[in-house]
Structure formats: C-alpha cells, structure tokens
$ cat coords-v7.pdb   # PDB, C-alpha atoms
ATOM      1  CA  MET W   1       0.000   0.000   0.000
ATOM      2  CA  LEU W   2       2.816   2.423   0.755
ATOM      3  CA  GLU W   3       4.026   1.997  -2.809
ATOM      4  CA  GLU W   4       0.547   2.030  -4.320
ATOM      5  CA  HIS W   5      -0.894   5.139  -2.656
ATOM      6  CA  PRO W   6       1.146   7.793  -4.492
ATOM      7  CA  ARG W   7       0.316   6.097  -7.812
ATOM      8  CA  ARG W   8      -3.390   6.035  -6.953
ATOM      9  CA  ILE W   9      -3.365   9.703  -5.980
ATOM     10  CA  ALA W  10      -1.547  10.624  -9.196
ATOM     11  CA  ALA W  11      -3.999   8.612 -11.312
ATOM     12  CA  ALA W  12      -7.038  10.047  -9.541
ATOM     13  CA  THR W  13      -5.930  13.662  -9.860
ATOM     14  CA  ALA W  14      -4.534  13.574 -13.399
ATOM     15  CA  GLY W  15      -6.400  16.089 -15.506
ATOM     16  CA  ILE W  16      -8.197  17.771 -12.589
ATOM     17  CA  SER W  17      -7.570  21.504 -12.412
ATOM     18  CA  ALA W  18      -5.465  22.996  -9.634
ATOM     19  CA  ALA W  19      -8.484  25.109  -8.658
ATOM     20  CA  ARG W  20     -10.683  22.048  -8.124
ATOM     21  CA  LEU W  21      -7.969  20.245  -6.167
ATOM     22  CA  ARG W  22      -7.650  23.347  -4.007
ATOM     23  CA  ASP W  23     -11.305  24.335  -3.635
ATOM     24  CA  GLU W  24     -13.613  21.333  -4.180
ATOM     25  CA  PRO W  25     -14.684  19.866  -0.812
ATOM     26  CA  VAL W  26     -13.957  16.159  -0.563
ATOM     27  CA  LEU W  27     -14.058  15.349   3.128
ATOM     28  CA  GLY W  28     -16.275  17.810   4.960
ATOM     29  CA  GLU W  29     -14.413  21.054   4.466
ATOM     30  CA  TRP W  30     -11.217  19.397   3.266
ATOM     31  CA  SER W  31     -10.168  19.613  -0.372
ATOM     32  CA  ALA W  32      -7.767  17.207  -2.088
ATOM     33  CA  ARG W  33      -5.007  19.719  -1.306
ATOM     34  CA  ASP W  34      -5.982  19.677   2.383
ATOM     35  CA  ILE W  35      -6.003  15.884   2.461
ATOM     36  CA  LEU W  36      -2.572  15.772   0.825
ATOM     37  CA  ALA W  37      -1.279  18.327   3.346
ATOM     38  CA  HIS W  38      -2.571  16.064   6.126
ATOM     39  CA  LEU W  39      -0.900  13.002   4.567
ATOM     40  CA  ARG W  40       2.389  14.869   4.309
ATOM     41  CA  SER W  41       2.167  15.946   7.933
ATOM     42  CA  CYS W  42       1.473  12.344   8.979
ATOM     43  CA  SER W  43       4.427  11.139   6.915
ATOM     44  CA  ASP W  44       6.628  13.707   8.632
ATOM     45  CA  ALA W  45       5.340  12.840  12.098
ATOM     46  CA  ARG W  46       5.170   9.044  11.800
ATOM     47  CA  GLY W  47       7.079   7.944   8.707
ATOM     48  CA  GLU W  48      10.211   9.867   9.604
ATOM     49  CA  PHE W  49      10.488   7.807  12.787
ATOM     50  CA  ILE W  50      11.446   4.794  10.668
ATOM     51  CA  PRO W  51      14.907   6.045   9.605
ATOM     52  CA  LYS W  52      15.502   7.286  13.162
ATOM     53  CA  ILE W  53      14.699   3.846  14.563
ATOM     54  CA  LEU W  54      17.004   2.204  12.056
ATOM     55  CA  ALA W  55      19.845   4.676  12.680
ATOM     56  CA  SER W  56      20.086   3.993  16.417
ATOM     57  CA  GLN W  57      19.767   1.079  18.768
ATOM     58  CA  ARG W  58      16.349   1.431  20.440
ATOM     59  CA  PRO W  59      16.270   5.256  20.522
ATOM     60  CA  THR W  60      13.892   7.294  22.623
ATOM     61  CA  LEU W  61      11.715   9.494  20.410
ATOM     62  CA  ARG W  62       9.148  12.098  21.312
ATOM     63  CA  ALA W  63       5.746  11.601  19.691
ATOM     64  CA  ILE W  64       4.700  14.303  17.264
ATOM     65  CA  ASP W  65       1.028  15.059  16.657
ATOM     66  CA  PRO W  66       0.505  15.542  12.894
ATOM     67  CA  ARG W  67      -2.311  18.008  13.625
ATOM     68  CA  THR W  68       0.113  20.195  15.557
ATOM     69  CA  LEU W  69       2.989  19.672  13.132
ATOM     70  CA  ILE W  70       0.960  20.831  10.136
ATOM     71  CA  GLU W  71       0.604  24.263  11.746
ATOM     72  CA  SER W  72       4.372  24.784  11.416
ATOM     73  CA  THR W  73       4.386  23.915   7.699
ATOM     74  CA  ASN W  74       3.177  25.595   4.529
ATOM     75  CA  TYR W  75       1.566  22.366   3.271
ATOM     76  CA  ARG W  76      -1.990  23.775   3.237
ATOM     77  CA  LYS W  77      -0.920  26.707   1.082
ATOM     78  CA  LEU W  78       1.054  24.807  -1.551
ATOM     79  CA  GLU W  79      -0.513  23.980  -4.880
ATOM     80  CA  PHE W  80      -1.431  20.313  -5.114
ATOM     81  CA  ALA W  81       1.096  19.435  -7.848
ATOM     82  CA  SER W  82       4.172  20.737  -6.027
ATOM     83  CA  SER W  83       3.008  19.289  -2.717
ATOM     84  CA  PHE W  84       2.365  15.921  -4.355
ATOM     85  CA  ARG W  85       5.874  15.877  -5.882
ATOM     86  CA  ALA W  86       7.347  16.418  -2.396
ATOM     87  CA  PHE W  87       5.111  13.669  -0.969
ATOM     88  CA  ALA W  88       6.152  11.269  -3.749
ATOM     89  CA  ARG W  89       9.868  12.023  -3.199
ATOM     90  CA  GLN W  90       9.525  11.435   0.540
ATOM     91  CA  ARG W  91       7.686   8.177  -0.097
ATOM     92  CA  ALA W  92      10.293   7.004  -2.622
ATOM     93  CA  ARG W  93      13.038   7.558  -0.004
ATOM     94  CA  LEU W  94      11.051   5.602   2.580
ATOM     95  CA  LEU W  95      10.379   2.755   0.151
ATOM     96  CA  ARG W  96      14.073   2.475  -0.786
ATOM     97  CA  LEU W  97      14.886   2.197   2.907
ATOM     98  CA  LEU W  98      12.177  -0.378   3.607
ATOM     99  CA  GLN W  99      12.881  -2.488   0.504
ATOM    100  CA  ALA W 100      16.535  -2.825   1.526
ATOM    101  CA  LEU W 101      15.590  -3.768   5.073
ATOM    102  CA  PRO W 102      16.524  -7.271   6.199
ATOM    103  CA  ARG W 103      13.701  -9.252   7.761
ATOM    104  CA  GLY W 104      14.909  -8.514  11.284
ATOM    105  CA  GLY W 105      14.904  -4.787  10.605
ATOM    106  CA  TRP W 106      11.123  -4.655  10.747
ATOM    107  CA  VAL W 107      11.160  -5.413  14.481
ATOM    108  CA  ARG W 108      13.734  -2.747  15.343
ATOM    109  CA  SER W 109      12.103  -0.486  17.871
ATOM    110  CA  ALA W 110      12.108   2.816  19.691
ATOM    111  CA  ILE W 111      10.663   3.989  22.952
ATOM    112  CA  VAL W 112       8.156   6.701  22.127
ATOM    113  CA  THR W 113       7.279   9.266  24.779
ATOM    114  CA  GLY W 114       4.645  11.983  24.915
ATOM    115  CA  GLY W 115       0.898  11.726  24.579
ATOM    116  CA  GLY W 116       0.585   9.227  27.425
ATOM    117  CA  PRO W 117       2.797   6.505  28.853
ATOM    118  CA  ALA W 118       6.012   5.612  27.044
ATOM    119  CA  ARG W 119       5.504   2.774  24.580
ATOM    120  CA  GLU W 120       7.655   0.633  22.363
ATOM    121  CA  ARG W 121       7.004   1.007  18.630
ATOM    122  CA  THR W 122       8.606  -0.895  15.764
ATOM    123  CA  VAL W 123       9.435  -0.077  12.162
ATOM    124  CA  LEU W 124       6.597  -2.421  11.214
ATOM    125  CA  PHE W 125       4.183  -0.512  13.447
ATOM    126  CA  TYR W 126       4.925   2.801  11.735
ATOM    127  CA  GLY W 127       4.894   1.354   8.215
ATOM    128  CA  ALA W 128       1.550  -0.340   8.848
ATOM    129  CA  TRP W 129       0.137   2.758  10.537
ATOM    130  CA  LEU W 130       0.968   4.929   7.531
ATOM    131  CA  ALA W 131      -0.507   2.431   5.071
ATOM    132  CA  ARG W 132      -3.757   1.985   7.014
ATOM    133  CA  HIS W 133      -4.177   5.665   7.711
ATOM    134  CA  GLU W 134      -3.612   6.695   4.099
ATOM    135  CA  ARG W 135      -6.007   4.109   2.686
ATOM    136  CA  ALA W 136      -9.197   6.037   3.563
ATOM    137  CA  HIS W 137      -7.739   9.379   2.504
ATOM    138  CA  VAL W 138      -6.660   7.995  -0.875
ATOM    139  CA  ARG W 139     -10.255   6.837  -1.375
ATOM    140  CA  HIS W 140     -11.481  10.338  -0.575
ATOM    141  CA  ILE W 141      -9.264  11.785  -3.293
ATOM    142  CA  GLU W 142     -10.468   9.099  -5.697
ATOM    143  CA  ARG W 143     -14.076  10.074  -4.928
ATOM    144  CA  LEU W 144     -13.267  13.638  -5.949
ATOM    145  CA  ALA W 145     -12.016  12.362  -9.295
ATOM    146  CA  SER W 146     -15.250  10.422  -9.762
ATOM    147  CA  ALA W 147     -17.393  13.395  -8.743
ATOM    148  CA  VAL W 148     -15.741  15.839 -11.137
ATOM    149  CA  GLY W 149     -15.520  13.413 -14.033
ATOM    150  CA  GLY W 150     -11.808  12.805 -13.626
ATOM    151  CA  PRO W 151      -9.941   9.702 -14.678
ATOM    152  CA  SER W 152     -11.310   6.376 -13.548
ATOM    153  CA  ARG W 153      -9.702   4.819 -10.523
ATOM    154  CA  ALA W 154      -6.940   2.348 -11.042
ATOM    155  CA  SER W 155      -7.861   0.300  -8.000
ATOM    156  CA  ARG W 156     -10.660  -1.499  -6.228
ATOM    157  CA  PRO W 157     -14.023   0.238  -5.762
ATOM    158  CA  VAL W 158     -14.855   2.233  -2.671
ATOM    159  CA  ARG W 159     -16.586   0.154  -0.023
ATOM    160  CA  ARG W 160     -19.884   1.715   0.934
ATOM    161  CA  GLY W 161     -20.740   2.045   4.565
ATOM    162  CA  SER W 162     -17.162   2.175   5.818
ATOM    163  CA  SER W 163     -16.622   4.740   8.488
ATOM    164  CA  THR W 164     -14.109   7.505   8.107
ATOM    165  CA  ARG W 165     -13.023  10.064  10.592
ATOM    166  CA  ARG W 166     -12.671  13.671   9.529
ATOM    167  CA  ARG W 167      -9.526  14.304  11.537
ATOM    168  CA  GLU W 168      -7.130  11.711  12.849
TER     169      GLU W 168
END

$ encode --input "coords-v7.pdb" --output "structure tokens"
Amino acid sequence: MLEEHPRRIAAATAGISAARLRDEPVLGEWSARDILAHLRSCSDARGEFIPKILASQRPTLRAIDPRTLIESTNYRKLEFASSFRAFARQRARLLRLLQALPRGGWVRSAIVTGGGPARERTVLFYGAWLARHERAHVRHIERLASAVGGPSRASRPVRRGSSTRRRE
C-alpha cells in the first residue's frame, strides 16, 4: 500500500484543475489539497520515525502530533502538484529504505514518549500505521475524481458504509 498510494493519488488527480484540487470539498471542508497536506504531515510525524529507529539502537523518540505539526508547515498553502511531488519524493526515499531492510529490521524499535505513557514502537508498526491511515484518505481523493468526471480509478471500488473520521 505504501508503494501504491502515491500512484493512486496521481492517477485520480490527473487532468483535474489545480483550482478544483484546491477548492472542491472532498471530506467535509477538506479539499484534495488539504487531504494531501494532512498526509504529508502524517508522513513527517510518523514515517520519519522509521529512519531514526534504524539509525540507532532502540532510541527514545518524542511523539509528534501531525495536527500540531501541520501548523508549522506551509503544506496547506502549496498547490497540489508541487506538494504531491514532495510527498512522492519522501515516499520514494522511505520505500528504498524499507525495501533494503533485512527481515529482522522490521522489528527494530524505539521507545516513544509523549501523549501518554512511554511505549515501544517498531518499524513495522509505523509502516503499517501509515498504510492503514492513508487508505481512507486515498479513497477520498479518488471520490473527488469520480465526482468531477476525472480519470477512472486504477484500483478497487470504494466500499460503501465504511466509516471515516474527519480528523485523525
């Protein structure tokens, strides 16, 4: 899924105007640009823990709330295309790291503090968290493409009746 999501977003948004990606509500008040900004913030907050875990032996890391982190970025103001290129580059770096990982690397861990009691989190935990979290948001962007007559989706159909949360 981590590899597939950027491709699905690119396919869903191909041919849709920058104005629609910026202004068309997809998820409550969120536009495709807002959703992408949220995904980037989550990748910064959660995905960037993976190289830190792999660089040190069981480091202690402070949890970062993506909702707080996004306030210190310009992600919400960037045009979709430039923001997506940055997201895709970040994902490509993460995938290169994960694809080269030996089997035992997936269980490398860190102690994560903040937001409650300290907890141990693994590379696998963060990779799976990103993939699961992005899945619903990718579907939201694909729905926009369907609603505005954009390209057809390159993946499975949206499951009706699944719950989604506006903010995670």

$ closest_residue --input "coords-v7.pdb" --among "W:Ala128, W:Leu39, W:Ile53, W:Ala100" --to "Arg67 in chain W" --atoms "only C-alpha atoms"
W:Leu39

$ resolve_selection --input "coords-v7.pdb" --expression "the PyMOL selection byres ((chain W and resi 144) around 12)" --output "PyMOL selection string"
chain W and resi 9+11-14+16-17+20-27+30-33+35+137-143+145-153+158

$ resolve_selection --input "coords-v7.pdb" --expression "the PyMOL selection byres ((chain W and resi 83) around 12)" --output "ChimeraX atom specification"
/W:6,9-10,18,21-22,32-41,73-82,84-90

$ write_last_selection --input "coords-v7.pdb" --atoms "C-alpha atoms" --output "PDB file, keeping the file's coordinate frame"
ATOM      1  CA  PRO W   6       1.146   7.793  -4.492  1.00  0.00           C
ATOM      2  CA  ILE W   9      -3.365   9.703  -5.980  1.00  0.00           C
ATOM      3  CA  ALA W  10      -1.547  10.624  -9.196  1.00  0.00           C
ATOM      4  CA  ALA W  18      -5.465  22.996  -9.634  1.00  0.00           C
ATOM      5  CA  LEU W  21      -7.969  20.245  -6.167  1.00  0.00           C
ATOM      6  CA  ARG W  22      -7.650  23.347  -4.007  1.00  0.00           C
ATOM      7  CA  ALA W  32      -7.767  17.207  -2.088  1.00  0.00           C
ATOM      8  CA  ARG W  33      -5.007  19.719  -1.306  1.00  0.00           C
ATOM      9  CA  ASP W  34      -5.982  19.677   2.383  1.00  0.00           C
ATOM     10  CA  ILE W  35      -6.003  15.884   2.461  1.00  0.00           C
ATOM     11  CA  LEU W  36      -2.572  15.772   0.825  1.00  0.00           C
ATOM     12  CA  ALA W  37      -1.279  18.327   3.346  1.00  0.00           C
ATOM     13  CA  HIS W  38      -2.571  16.064   6.126  1.00  0.00           C
ATOM     14  CA  LEU W  39      -0.900  13.002   4.567  1.00  0.00           C
ATOM     15  CA  ARG W  40       2.389  14.869   4.309  1.00  0.00           C
ATOM     16  CA  SER W  41       2.167  15.946   7.933  1.00  0.00           C
ATOM     17  CA  THR W  73       4.386  23.915   7.699  1.00  0.00           C
ATOM     18  CA  ASN W  74       3.177  25.595   4.529  1.00  0.00           C
ATOM     19  CA  TYR W  75       1.566  22.366   3.271  1.00  0.00           C
ATOM     20  CA  ARG W  76      -1.990  23.775   3.237  1.00  0.00           C
ATOM     21  CA  LYS W  77      -0.920  26.707   1.082  1.00  0.00           C
ATOM     22  CA  LEU W  78       1.054  24.807  -1.551  1.00  0.00           C
ATOM     23  CA  GLU W  79      -0.513  23.980  -4.880  1.00  0.00           C
ATOM     24  CA  PHE W  80      -1.431  20.313  -5.114  1.00  0.00           C
ATOM     25  CA  ALA W  81       1.096  19.435  -7.848  1.00  0.00           C
ATOM     26  CA  SER W  82       4.172  20.737  -6.027  1.00  0.00           C
ATOM     27  CA  PHE W  84       2.365  15.921  -4.355  1.00  0.00           C
ATOM     28  CA  ARG W  85       5.874  15.877  -5.882  1.00  0.00           C
ATOM     29  CA  ALA W  86       7.347  16.418  -2.396  1.00  0.00           C
ATOM     30  CA  PHE W  87       5.111  13.669  -0.969  1.00  0.00           C
ATOM     31  CA  ALA W  88       6.152  11.269  -3.749  1.00  0.00           C
ATOM     32  CA  ARG W  89       9.868  12.023  -3.199  1.00  0.00           C
ATOM     33  CA  GLN W  90       9.525  11.435   0.540  1.00  0.00           C
TER      34      GLN W  90
END

$ residues_around --input "coords-v7.pdb" --residues "Gly105 in chain W" --least-positions-apart "5" --cutoff "10 Å" --atoms "all atoms listed in the file" --output "PDB file with C-alpha atoms, in the coordinates of the input"
ATOM      1  CA  ILE W  53      14.699   3.846  14.563  1.00  0.00           C
ATOM      2  CA  LEU W  54      17.004   2.204  12.056  1.00  0.00           C
ATOM      3  CA  LEU W  98      12.177  -0.378   3.607  1.00  0.00           C
ATOM      4  CA  ALA W 100      16.535  -2.825   1.526  1.00  0.00           C
ATOM      5  CA  THR W 122       8.606  -0.895  15.764  1.00  0.00           C
ATOM      6  CA  VAL W 123       9.435  -0.077  12.162  1.00  0.00           C
ATOM      7  CA  LEU W 124       6.597  -2.421  11.214  1.00  0.00           C
TER       8      LEU W 124
END

$ residues_near_point --input "coords-v7.pdb" --point "(6.8, 1.8, -3.7)" --cutoff "7 Å" --atoms "only C-alpha atoms" --output "VMD selection string"
chain W and resid 2 to 4 92 95
